[in-house]
Amino acid sequence: MEIDLRLYGGFAVAAGTERARLEFKGDTLEDALVEMRRRWPRIGELLDGPGEGSAIFVLNGKALEPPDMRKKLNTGDVLSIMPFVAGG
């Protein structure tokens, strides 16, 4: 399967690009993340960062709240990943 990635903030820095095509085996969000961790280990470190919800996932323009790792993806989907930002 192939999806398009849009990466923001530290995720873009970790991958060295803001946009990428991700080819992976399987068809779930978890399968895509496994391949991202393999391809860009630093992204895995960011995803495993302090606390739950260290990233916001948006699939085809719709936020996945909360992200379900079993969510089925389709070829051509656009997955955006951005750091969760909080402020006061």
# chains A, B, ... in the order shown; residues from 1 in each chain; ligands from 1
>>> select_by_dssp(residues="region 3-82 of chain A", states="strand (DSSP E)", output="ChimeraX atom specification")
/A:3-7,19-23,55-59,62-63,78-82
>>> residues_around(residues="Thr75 (chain A)", least_positions_apart="6", cutoff="12 Å", atoms="only C-alpha atoms", output="compact mmCIF listing (two decimals) with N, CA and C atoms, in the first residue's frame")
# COMPACT_ATOMS: atom_id res chain seq x y z
N MET A 1 0.83 -1.17 0.00
CA MET A 1 0.00 0.00 0.00
C MET A 1 0.88 1.24 0.00
N GLU A 2 0.39 2.31 -0.59
CA GLU A 2 1.10 3.59 -0.60
C GLU A 2 0.16 4.70 -0.15
N ILE A 3 0.68 5.54 0.75
CA ILE A 3 -0.06 6.72 1.18
C ILE A 3 0.87 7.92 1.07
N ASP A 4 0.28 9.10 1.10
CA ASP A 4 1.05 10.34 1.12
C ASP A 4 1.14 10.83 2.55
N LEU A 5 2.33 11.26 2.93
CA LEU A 5 2.55 11.81 4.27
C LEU A 5 2.76 13.31 4.19
N ARG A 21 6.13 9.92 0.22
CA ARG A 21 5.27 8.80 -0.18
C ARG A 21 5.72 7.63 0.68
N LEU A 22 4.80 6.97 1.35
CA LEU A 22 5.15 5.86 2.23
C LEU A 22 4.54 4.58 1.69
N GLU A 23 5.39 3.64 1.37
CA GLU A 23 4.95 2.32 0.93
C GLU A 23 5.17 1.36 2.09
N PHE A 24 4.15 0.56 2.40
CA PHE A 24 4.26 -0.36 3.53
C PHE A 24 3.36 -1.56 3.33
N LYS A 25 3.67 -2.60 4.08
CA LYS A 25 2.83 -3.81 4.06
C LYS A 25 1.72 -3.64 5.08
N GLY A 26 0.56 -4.16 4.77
CA GLY A 26 -0.57 -4.04 5.67
C GLY A 26 -1.50 -2.94 5.22
N ASP A 27 -2.47 -2.60 6.10
CA ASP A 27 -3.45 -1.60 5.71
C ASP A 27 -4.00 -0.79 6.89
N THR A 28 -3.24 -0.76 7.99
CA THR A 28 -3.71 -0.02 9.16
C THR A 28 -2.76 1.13 9.50
N ALA A 32 1.44 1.52 9.01
CA ALA A 32 2.13 2.69 8.47
C ALA A 32 3.16 3.22 9.46
N ASN A 60 -6.85 12.34 5.65
CA ASN A 60 -7.69 12.94 4.61
C ASN A 60 -8.47 14.15 5.13
>>> closest_residue(among="A:Val85, A:Pro41, A:Gly76, A:Ala12", to="Ala55 (chain A)", atoms="only C-alpha atoms")
A:Val85
>>> atom_distance(atom1="CA of Val34 (chain A)", atom2="CA of Asp77 (chain A)")
16.8 Å
>>> closest_residue(among="A:Phe11, A:Leu79, A:Val58, A:Gly16", to="Gly44 (chain A)", atoms="only C-alpha atoms")
A:Phe11
>>> residues_around(residues="Leu29 (chain A)", least_positions_apart="3", cutoff="8 Å", atoms="only C-alpha atoms", output="PyMOL selection string")
chain A and resi 32-33+68-73
>>> select_by_dssp(residues="chain A", states="alpha helix (DSSP H)", output="list in words")
Gly10, Phe11, Ala12, Val13, Ala14, Ala15, Leu29, Glu30, Asp31, Ala32, Leu33, Val34, Glu35, Met36, Arg37, Arg38, Arg39, Pro41, Arg42, Ile43, Gly44, Glu45, Leu46 and Leu47 of chain A
>>> write_last_selection(atoms="C-alpha atoms", output="mmCIF file, in the first residue's frame")
data_model
loop_
_atom_site.group_PDB
_atom_site.id
_atom_site.type_symbol
_atom_site.label_atom_id
_atom_site.label_comp_id
_atom_site.auth_asym_id
_atom_site.auth_seq_id
_atom_site.Cartn_x
_atom_site.Cartn_y
_atom_site.Cartn_z
ATOM 1 C CA GLY A 10 9.850 17.992 14.548
ATOM 2 C CA PHE A 11 8.389 15.181 12.448
ATOM 3 C CA ALA A 12 9.429 16.977 9.245
ATOM 4 C CA VAL A 13 12.876 17.630 10.698
ATOM 5 C CA ALA A 14 13.228 13.965 11.717
ATOM 6 C CA ALA A 15 12.329 12.760 8.215
ATOM 7 C CA LEU A 29 -2.401 3.111 10.816
ATOM 8 C CA GLU A 30 -0.225 0.875 12.968
ATOM 9 C CA ASP A 31 1.311 -0.757 9.866
ATOM 10 C CA ALA A 32 2.127 2.686 8.466
ATOM 11 C CA LEU A 33 3.718 3.770 11.742
ATOM 12 C CA VAL A 34 5.825 0.606 11.892
ATOM 13 C CA GLU A 35 7.268 1.464 8.471
ATOM 14 C CA MET A 36 7.791 5.096 9.434
ATOM 15 C CA ARG A 37 9.706 4.015 12.532
ATOM 16 C CA ARG A 38 11.835 1.714 10.411
ATOM 17 C CA ARG A 39 12.504 4.332 7.759
ATOM 18 C CA PRO A 41 13.951 6.076 13.631
ATOM 19 C CA ARG A 42 13.862 9.646 14.975
ATOM 20 C CA ILE A 43 10.125 9.793 14.215
ATOM 21 C CA GLY A 44 9.682 6.774 16.482
ATOM 22 C CA GLU A 45 11.485 8.643 19.245
ATOM 23 C CA LEU A 46 9.136 11.599 18.813
ATOM 24 C CA LEU A 47 6.065 9.361 18.839
#
